[in-house]
>>> print(open('target25.tsv').read())   # TSV, C-alpha atoms
chain	number	residue	atom	x	y	z
A	1	MET	CA	-38.55	102.73	105.85
A	2	ASP	CA	-40.69	100.89	103.35
A	3	LYS	CA	-44.08	102.45	104.11
A	4	ARG	CA	-46.09	99.47	102.84
A	5	LEU	CA	-44.14	97.02	104.99
A	6	GLY	CA	-44.53	99.34	107.98
A	7	ASN	CA	-48.30	99.59	107.42
A	8	PHE	CA	-48.57	95.82	107.01
A	9	LEU	CA	-46.62	95.18	110.22
A	10	GLY	CA	-48.69	97.74	112.12
A	11	ALA	CA	-51.99	96.25	110.91
A	12	ALA	CA	-50.86	92.66	111.55
A	13	THR	CA	-49.72	93.65	115.05
A	14	LEU	CA	-53.11	95.20	115.85
A	15	VAL	CA	-55.08	92.20	114.59
A	16	LEU	CA	-52.91	89.59	116.27
A	17	THR	CA	-52.78	91.51	119.56
A	18	ALA	CA	-56.61	91.70	119.54
A	19	VAL	CA	-56.79	87.95	118.84
A	20	SER	CA	-54.32	87.14	121.63
A	21	LEU	CA	-56.27	89.36	124.08
A	22	TRP	CA	-59.45	87.48	123.20
A	23	MET	CA	-57.66	84.17	123.71
A	24	VAL	CA	-56.17	85.27	127.06
A	25	PHE	CA	-59.45	86.58	128.51
A	26	ALA	CA	-62.12	84.46	126.82
A	27	TRP	CA	-60.69	81.24	125.41
A	28	VAL	CA	-57.88	79.84	127.52
A	29	PRO	CA	-58.91	77.92	130.67
A	30	THR	CA	-58.02	79.30	134.10
A	31	GLU	CA	-55.02	77.63	135.66
A	32	ALA	CA	-56.05	75.46	138.62
A	33	GLU	CA	-53.48	76.51	141.25
A	34	GLN	CA	-52.81	80.19	140.52
A	35	GLY	CA	-56.24	81.23	139.29
A	36	ILE	CA	-56.92	84.26	137.10
A	37	VAL	CA	-53.60	85.99	137.81
A	38	GLN	CA	-51.77	83.27	135.85
A	39	ARG	CA	-53.10	84.99	132.69
A	40	ILE	CA	-50.35	87.61	133.14
A	41	PHE	CA	-47.97	84.86	131.98
A	42	TYR	CA	-49.32	85.02	128.36
A	43	PHE	CA	-47.93	88.54	127.92
A	44	HIS	CA	-45.06	88.34	130.45
A	45	VAL	CA	-43.24	85.62	128.48
A	46	PRO	CA	-43.56	87.40	125.07
A	47	LEU	CA	-42.30	90.62	126.73
A	48	ALA	CA	-39.23	88.73	127.96
A	49	TRP	CA	-38.71	87.12	124.54
A	50	VAL	CA	-38.84	90.48	122.74
A	51	ALA	CA	-36.56	92.14	125.32
A	52	PHE	CA	-33.94	89.39	124.91
A	53	ALA	CA	-34.23	89.49	121.10
A	54	SER	CA	-33.77	93.29	121.20
A	55	PHE	CA	-30.62	93.03	123.28
A	56	ALA	CA	-29.26	90.32	120.97
A	57	ILE	CA	-29.82	92.73	118.05
A	58	VAL	CA	-27.97	95.47	119.98
A	59	ALA	CA	-25.00	93.11	120.33
A	60	VAL	CA	-25.05	92.02	116.66
A	61	ALA	CA	-25.39	95.65	115.50
A	62	GLY	CA	-22.49	96.59	117.81
A	63	ILE	CA	-20.28	93.87	116.33
A	64	PHE	CA	-21.09	95.03	112.78
A	65	TYR	CA	-20.48	98.67	113.73
A	66	LEU	CA	-17.04	97.86	115.17
A	67	TRP	CA	-16.24	95.62	112.22
A	68	LEU	CA	-17.62	97.52	109.21
A	69	GLY	CA	-18.47	100.97	110.57
A	70	GLY	CA	-21.54	102.68	109.11
A	71	GLN	CA	-24.15	104.82	110.84
A	72	ILE	CA	-26.93	102.31	110.09
A	73	TRP	CA	-25.47	99.79	112.57
A	74	ASP	CA	-25.20	102.40	115.29
A	75	ASP	CA	-28.79	103.53	114.65
A	76	LEU	CA	-30.01	99.92	114.67
A	77	GLY	CA	-28.28	99.23	118.00
A	78	TYR	CA	-29.68	102.40	119.55
A	79	ALA	CA	-33.24	101.69	118.36
A	80	ALA	CA	-33.11	98.04	119.53
A	81	ALA	CA	-31.73	99.04	122.95
A	82	GLU	CA	-34.53	101.55	123.49
A	83	ILE	CA	-37.27	99.07	122.55
A	84	GLY	CA	-35.55	96.30	124.55
A	85	MET	CA	-35.51	98.56	127.58
A	86	LEU	CA	-39.25	99.28	127.21
A	87	PHE	CA	-40.08	95.57	127.03
A	88	CYS	CA	-37.62	94.61	129.78
A	89	THR	CA	-39.23	97.19	132.09
A	90	LEU	CA	-42.71	95.85	131.28
A	91	MET	CA	-41.47	92.29	131.82
A	92	MET	CA	-40.32	93.22	135.32
A	93	VAL	CA	-43.46	95.20	136.13
A	94	THR	CA	-45.80	92.38	135.02
A	95	GLY	CA	-43.63	89.81	136.84
A	96	SER	CA	-43.90	91.87	140.00
A	97	LEU	CA	-47.69	92.15	139.63
A	98	TRP	CA	-47.86	88.36	139.30
A	99	ALA	CA	-45.47	87.78	142.23
A	100	LYS	CA	-47.44	89.80	144.78
A	101	PRO	CA	-50.52	87.50	144.93
A	102	ILE	CA	-48.54	84.28	144.26
A	103	TRP	CA	-45.36	84.77	146.34
A	104	GLY	CA	-46.78	87.36	148.72
A	105	THR	CA	-44.11	89.90	147.80
A	106	TRP	CA	-43.50	92.36	144.94
A	107	TRP	CA	-39.82	91.47	144.70
A	108	THR	CA	-37.29	88.96	145.96
A	109	TRP	CA	-33.58	88.62	145.21
A	110	ASP	CA	-34.10	85.37	143.35
A	111	SER	CA	-31.46	84.42	140.73
A	112	ARG	CA	-33.68	85.09	137.70
A	113	LEU	CA	-35.03	88.34	139.08
A	114	THR	CA	-31.57	89.54	140.08
A	115	THR	CA	-29.97	88.72	136.70
A	116	SER	CA	-32.93	90.39	134.94
A	117	PHE	CA	-32.49	93.48	137.12
A	118	VAL	CA	-28.75	93.54	136.23
A	119	LEU	CA	-29.71	93.39	132.54
A	120	TRP	CA	-32.15	96.28	133.04
A	121	LEU	CA	-29.46	98.34	134.80
A	122	LEU	CA	-26.88	97.64	132.07
A	123	TYR	CA	-29.12	98.81	129.24
A	124	GLY	CA	-30.43	101.66	131.38
A	125	GLY	CA	-26.81	102.79	131.67
A	126	TYR	CA	-26.36	102.36	127.91
A	127	LEU	CA	-29.36	104.61	127.16
A	128	ILE	CA	-28.42	107.22	129.76
A	129	MET	CA	-24.92	107.37	128.28
A	130	ARG	CA	-26.33	107.86	124.77
A	131	ALA	CA	-28.74	110.56	125.97
A	132	MET	CA	-26.12	112.48	127.97
A	133	LEU	CA	-23.20	112.44	125.52
A	134	GLU	CA	-23.16	114.27	122.22
A	135	GLU	CA	-23.31	111.95	119.22
A	136	SER	CA	-19.85	111.20	117.85
A	137	GLU	CA	-17.95	108.28	116.37
A	138	GLN	CA	-16.19	107.72	119.69
A	139	VAL	CA	-19.48	107.57	121.62
A	140	ALA	CA	-20.93	105.19	119.01
A	141	ARG	CA	-17.91	102.87	119.34
A	142	PHE	CA	-18.12	102.93	123.14
A	143	ALA	CA	-21.88	102.28	122.98
A	144	ALA	CA	-21.26	99.31	120.67
A	145	VAL	CA	-18.84	97.78	123.20
A	146	VAL	CA	-21.25	98.38	126.12
A	147	GLY	CA	-24.11	96.89	124.08
A	148	ILE	CA	-22.11	93.73	123.32
A	149	VAL	CA	-20.88	93.25	126.91
A	150	ALA	CA	-24.36	93.87	128.39
A	151	ALA	CA	-25.91	91.27	126.06
A	152	LEU	CA	-23.73	88.60	127.70
A	153	ASP	CA	-26.20	88.76	130.60
A	154	VAL	CA	-29.08	87.53	128.39
A	155	PRO	CA	-28.01	83.83	128.35
A	156	VAL	CA	-27.29	84.11	132.08
A	157	VAL	CA	-30.89	85.24	132.70
A	158	ILE	CA	-32.21	82.37	130.58
A	159	VAL	CA	-30.19	79.60	132.28
A	160	SER	CA	-30.34	81.12	135.78
A	161	VAL	CA	-33.34	78.93	136.72
A	162	ARG	CA	-31.22	75.85	136.01
A	163	LEU	CA	-27.89	77.06	137.41
A	164	TRP	CA	-29.04	78.31	140.80
A	165	ARG	CA	-31.77	77.60	143.34
A	166	THR	CA	-34.77	79.68	142.42
A	167	ILE	CA	-38.44	80.10	143.15
A	168	HIS	CA	-39.15	81.47	139.67
A	169	PRO	CA	-41.29	78.95	137.75
A	170	ALA	CA	-39.63	77.18	134.80
A	171	VAL	CA	-42.76	76.82	132.68
A	172	LEU	CA	-41.54	76.62	129.10
A	173	VAL	CA	-38.87	74.01	129.79
A	174	THR	CA	-39.37	72.48	133.23
A	175	ARG	CA	-36.57	71.02	135.30
A	176	GLN	CA	-38.06	67.58	134.65
A	177	GLY	CA	-38.16	68.19	130.86
A	178	GLY	CA	-41.16	69.09	128.71
A	179	HIS	CA	-43.33	72.14	129.38
A	180	GLY	CA	-45.51	72.98	132.35
A	181	LEU	CA	-48.64	74.07	130.47
A	182	GLU	CA	-51.39	71.61	131.33
A	183	ASP	CA	-53.83	72.41	128.49
A	184	PRO	CA	-53.05	72.62	124.72
A	185	ARG	CA	-55.05	75.88	124.56
A	186	MET	CA	-52.48	77.44	126.91
A	187	VAL	CA	-49.69	76.54	124.49
A	188	VAL	CA	-51.60	77.96	121.49
A	189	THR	CA	-52.42	81.18	123.37
A	190	LEU	CA	-48.79	81.63	124.34
A	191	LEU	CA	-47.61	81.04	120.77
A	192	VAL	CA	-50.12	83.56	119.36
A	193	SER	CA	-49.04	86.16	121.95
A	194	ILE	CA	-45.36	85.57	121.16
A	195	THR	CA	-46.09	86.05	117.43
A	196	ALA	CA	-48.08	89.24	118.13
A	197	PHE	CA	-45.27	90.71	120.24
A	198	THR	CA	-42.63	89.71	117.68
A	199	LEU	CA	-44.56	91.58	114.96
A	200	MET	CA	-45.00	94.54	117.31
A	201	PHE	CA	-41.27	94.55	117.95
A	202	ALA	CA	-40.47	94.47	114.21
A	203	TRP	CA	-42.89	97.35	113.59
A	204	LEU	CA	-41.55	99.46	116.48
A	205	LEU	CA	-37.95	98.78	115.41
A	206	MET	CA	-38.64	99.83	111.81
A	207	THR	CA	-40.45	102.98	112.94
A	208	ARG	CA	-37.81	103.98	115.49
A	209	LEU	CA	-35.03	103.24	113.02
A	210	ALA	CA	-36.72	105.49	110.45
A	211	VAL	CA	-36.72	108.33	113.01
A	212	LEU	CA	-33.02	107.83	113.72
A	213	ARG	CA	-32.25	107.71	109.97
A	214	ALA	CA	-34.19	110.97	109.52
A	215	ARG	CA	-32.14	112.53	112.32
A	216	THR	CA	-28.92	111.43	110.60
A	217	ARG	CA	-30.20	112.90	107.30
A	218	SER	CA	-31.03	116.18	109.06
A	219	ILE	CA	-27.46	116.40	110.47
A	220	GLU	CA	-26.05	115.74	106.98
A	221	LEU	CA	-28.28	118.42	105.45
A	222	ALA	CA	-27.28	120.95	108.13
A	223	LYS	CA	-23.62	120.27	107.28
A	224	ALA	CA	-24.31	120.64	103.53
A	225	ILE	CA	-26.10	123.97	104.17
A	226	ALA	CA	-23.16	125.23	106.24
A	227	MET	CA	-20.80	124.31	103.39
A	228	ALA	CA	-23.06	125.96	100.78
A	229	GLU	CA	-23.28	129.13	102.91
A	230	PHE	CA	-19.51	129.15	103.34
A	231	ARG	CA	-19.00	128.83	99.56
A	232	ALA	CA	-21.60	131.56	98.88
A	233	GLY	CA	-19.82	133.85	101.34
A	234	ARG	CA	-16.48	133.35	99.56
A	235	ALA	CA	-17.93	133.85	96.05
B	1	MET	CA	-62.29	86.76	140.44
B	2	ASP	CA	-59.61	86.90	143.13
B	3	ASN	CA	-56.61	89.01	142.17
B	4	PHE	CA	-58.35	90.56	139.18
B	5	ALA	CA	-56.83	93.94	140.13
B	6	TYR	CA	-53.31	92.56	139.55
B	7	LEU	CA	-54.29	91.17	136.16
B	8	PHE	CA	-55.96	94.43	135.18
B	9	ALA	CA	-52.97	96.48	136.35
B	10	ALA	CA	-50.52	94.30	134.39
B	11	TYR	CA	-52.39	94.59	131.07
B	12	THR	CA	-53.08	98.30	131.59
B	13	ALA	CA	-49.37	98.95	132.24
B	14	ILE	CA	-48.39	97.06	129.08
B	15	PHE	CA	-50.77	98.88	126.74
B	16	ALA	CA	-50.32	102.31	128.34
B	17	ALA	CA	-46.52	102.11	128.06
B	18	ILE	CA	-46.58	100.87	124.45
B	19	PHE	CA	-49.15	103.52	123.48
B	20	LEU	CA	-47.02	106.29	125.03
B	21	TYR	CA	-43.90	105.00	123.28
B	22	VAL	CA	-45.67	104.92	119.89
B	23	MET	CA	-46.90	108.50	120.48
B	24	PHE	CA	-43.33	109.53	121.34
B	25	ILE	CA	-41.99	108.00	118.10
B	26	TRP	CA	-44.72	109.53	115.92
B	27	ASN	CA	-44.20	112.94	117.49
B	28	ARG	CA	-40.45	112.77	116.83
B	29	GLN	CA	-41.09	111.56	113.27
B	30	SER	CA	-43.45	114.43	112.41
B	31	ARG	CA	-41.07	117.03	113.90
B	32	LEU	CA	-38.14	115.58	111.96
B	33	ASP	CA	-40.17	115.46	108.72
B	34	GLN	CA	-40.91	119.18	109.08
B	35	GLU	CA	-37.26	119.91	109.87
B	36	LEU	CA	-36.07	117.88	106.86
B	37	ARG	CA	-38.46	119.66	104.49
B	38	ALA	CA	-37.23	123.05	105.71
B	39	LEU	CA	-33.56	122.04	105.42
B	40	GLU	CA	-34.03	120.55	101.95
B	41	SER	CA	-35.72	123.67	100.61
B	42	LYS	CA	-33.03	125.87	102.19
B	43	LEU	CA	-30.28	123.76	100.59
B	44	ALA	CA	-32.04	123.80	97.22
B	45	ALA	CA	-32.32	127.60	97.38
B	46	LEU	CA	-28.65	127.97	98.31
B	47	THR	CA	-27.55	125.64	95.52
B	48	ALA	CA	-29.69	127.47	92.97
B	49	ALA	CA	-28.35	130.81	94.15
B	50	SER	CA	-24.73	129.71	93.78
B	51	ASP	CA	-25.42	128.22	90.29
B	52	ASP	CA	-27.06	131.40	88.95
B	53	ALA	CA	-24.36	133.91	89.80
B	54	PRO	CA	-24.62	136.86	89.60
B	55	GLU	CA	-27.90	136.46	91.40
B	56	PRO	CA	-30.44	139.13	92.26
B	57	GLU	CA	-30.41	140.45	95.85
B	58	SER	CA	-33.97	139.21	96.51
B	59	GLU	CA	-32.94	135.54	95.91
B	60	LYS	CA	-29.98	135.66	98.31
B	61	SER	CA	-32.09	136.06	101.40
B	62	VAL	CA	-34.21	132.94	100.63
>>> encode(input="target25.tsv", output="structure tokens")
Amino acid sequence: MDKRLGNFLGAATLVLTAVSLWMVFAWVPTEAEQGIVQRIFYFHVPLAWVAFASFAIVAVAGIFYLWLGGQIWDDLGYAAAEIGMLFCTLMMVTGSLWAKPIWGTWWTWDSRLTTSFVLWLLYGGYLIMRAMLEESEQVARFAAVVGIVAALDVPVVIVSVRLWRTIHPAVLVTRQGGHGLEDPRMVVTLLVSITAFTLMFAWLLMTRLAVLRARTRSIELAKAIAMAEFRAGRA
Amino acid sequence: MDNFAYLFAAYTAIFAAIFLYVMFIWNRQSRLDQELRALESKLAALTAASDDAPEPESEKSV
């Protein structure tokens, strides 16, 4: 990993996250109907955006791995799936914490919630499979296929609020068209939070990918040492 | 300030989880860095030993 780029991304993430927190808690007006709990929305939406972007990267990396081969694509898919799972879990936790005071329940089998839960289960399965099985080319190929198939659920989650009856709010693009944010400051706050989380995602992905590349290098070195020892034993 | 507890819990969960994940990555990174340094020096010693044959007994064990 380019250390300077990593440091820049880390610093930019910290600054922008601090700015977005200030905007969420001190600058943006309180929403009239939902009250203070609506402020969860400013981090819930970026979490969803980053989770979906991560799973899209898993699918693209899987396609490239099956097409071109190369450990880098497998490592990229693995790293993106792990980060996507973290953000998808947080998206569901924050959604649930918003739902309790607004809907009166932690969870309901609404179309968006159900499709999101399916997505979470699919990538949970992907990560469990990768953790349980020993790394090999066959496992990497299978993981690439699972990653691609699971990503097909992402567009389903996004359009679920339009396809089926749902109680989940469609804020960004309402059913009547336009967005449902009543004050321009709400739009700005959301955009800053989305940018902060996108930078955070890029930084986490680079860092996690560097760890996986180091692991690959360590396996290669162990093989080279075994070969060198074998040759020394024969000499 | 109705429902402040839900708001607080949501933001705490987000930052706690991300903090723990970053700690997990950094921990793995530092362990792997140590492992790589050890493997690289072992490989370098083995390569040097095989290049300088016949080598002294003291070098072989490195």
>>> interface_residues(input="target25.tsv", of="chain B", to="chain A", cutoff="9 Å", atoms="all atoms listed in the file", output="PDB file with C-alpha atoms, in the coordinates of the input")
ATOM      1  CA  MET B   1     -62.290  86.760 140.440  1.00  0.00           C
ATOM      2  CA  ASP B   2     -59.610  86.900 143.130  1.00  0.00           C
ATOM      3  CA  ASN B   3     -56.610  89.010 142.170  1.00  0.00           C
ATOM      4  CA  PHE B   4     -58.350  90.560 139.180  1.00  0.00           C
ATOM      5  CA  ALA B   5     -56.830  93.940 140.130  1.00  0.00           C
ATOM      6  CA  TYR B   6     -53.310  92.560 139.550  1.00  0.00           C
ATOM      7  CA  LEU B   7     -54.290  91.170 136.160  1.00  0.00           C
ATOM      8  CA  ALA B   9     -52.970  96.480 136.350  1.00  0.00           C
ATOM      9  CA  ALA B  10     -50.520  94.300 134.390  1.00  0.00           C
ATOM     10  CA  TYR B  11     -52.390  94.590 131.070  1.00  0.00           C
ATOM     11  CA  ALA B  13     -49.370  98.950 132.240  1.00  0.00           C
ATOM     12  CA  ILE B  14     -48.390  97.060 129.080  1.00  0.00           C
ATOM     13  CA  ALA B  17     -46.520 102.110 128.060  1.00  0.00           C
ATOM     14  CA  ILE B  18     -46.580 100.870 124.450  1.00  0.00           C
ATOM     15  CA  TYR B  21     -43.900 105.000 123.280  1.00  0.00           C
ATOM     16  CA  VAL B  22     -45.670 104.920 119.890  1.00  0.00           C
ATOM     17  CA  ILE B  25     -41.990 108.000 118.100  1.00  0.00           C
ATOM     18  CA  TRP B  26     -44.720 109.530 115.920  1.00  0.00           C
ATOM     19  CA  ARG B  28     -40.450 112.770 116.830  1.00  0.00           C
ATOM     20  CA  GLN B  29     -41.090 111.560 113.270  1.00  0.00           C
ATOM     21  CA  LEU B  32     -38.140 115.580 111.960  1.00  0.00           C
ATOM     22  CA  ASP B  33     -40.170 115.460 108.720  1.00  0.00           C
ATOM     23  CA  GLU B  35     -37.260 119.910 109.870  1.00  0.00           C
ATOM     24  CA  LEU B  36     -36.070 117.880 106.860  1.00  0.00           C
ATOM     25  CA  LEU B  39     -33.560 122.040 105.420  1.00  0.00           C
ATOM     26  CA  GLU B  40     -34.030 120.550 101.950  1.00  0.00           C
ATOM     27  CA  LYS B  42     -33.030 125.870 102.190  1.00  0.00           C
ATOM     28  CA  LEU B  43     -30.280 123.760 100.590  1.00  0.00           C
ATOM     29  CA  LEU B  46     -28.650 127.970  98.310  1.00  0.00           C
ATOM     30  CA  THR B  47     -27.550 125.640  95.520  1.00  0.00           C
ATOM     31  CA  ALA B  49     -28.350 130.810  94.150  1.00  0.00           C
ATOM     32  CA  SER B  50     -24.730 129.710  93.780  1.00  0.00           C
ATOM     33  CA  ALA B  53     -24.360 133.910  89.800  1.00  0.00           C
TER      34      ALA B  53
END
>>> atom_distance(input="target25.tsv", atom1="atom CA of Glu135 of chain A", atom2="atom CA of Lys223 of chain A")
14.6 Å
>>> closest_residue(input="target25.tsv", among="A:Val45, A:Leu14, A:Ala59, A:Val157", to="Trp73 of chain A", atoms="only C-alpha atoms")
A:Ala59
>>> atom_distance(input="target25.tsv", atom1="atom CA of Leu76 of chain A", atom2="atom CA of Ala61 of chain A")
6.3 Å
>>> closest_residue(input="target25.tsv", among="A:Trp106, A:Leu5, A:Thr166, A:Leu127", to="Ala143 of chain A", atoms="only C-alpha atoms")
A:Leu127
>>> atom_distance(input="target25.tsv", atom1="atom CA of Val146 of chain A", atom2="atom CA of Gly70 of chain A")
17.5 Å
>>> closest_residue(input="target25.tsv", among="A:Val192, A:Ile63, A:Ala51, A:Ser160", to="Trp22 of chain A", atoms="only C-alpha atoms")
A:Val192
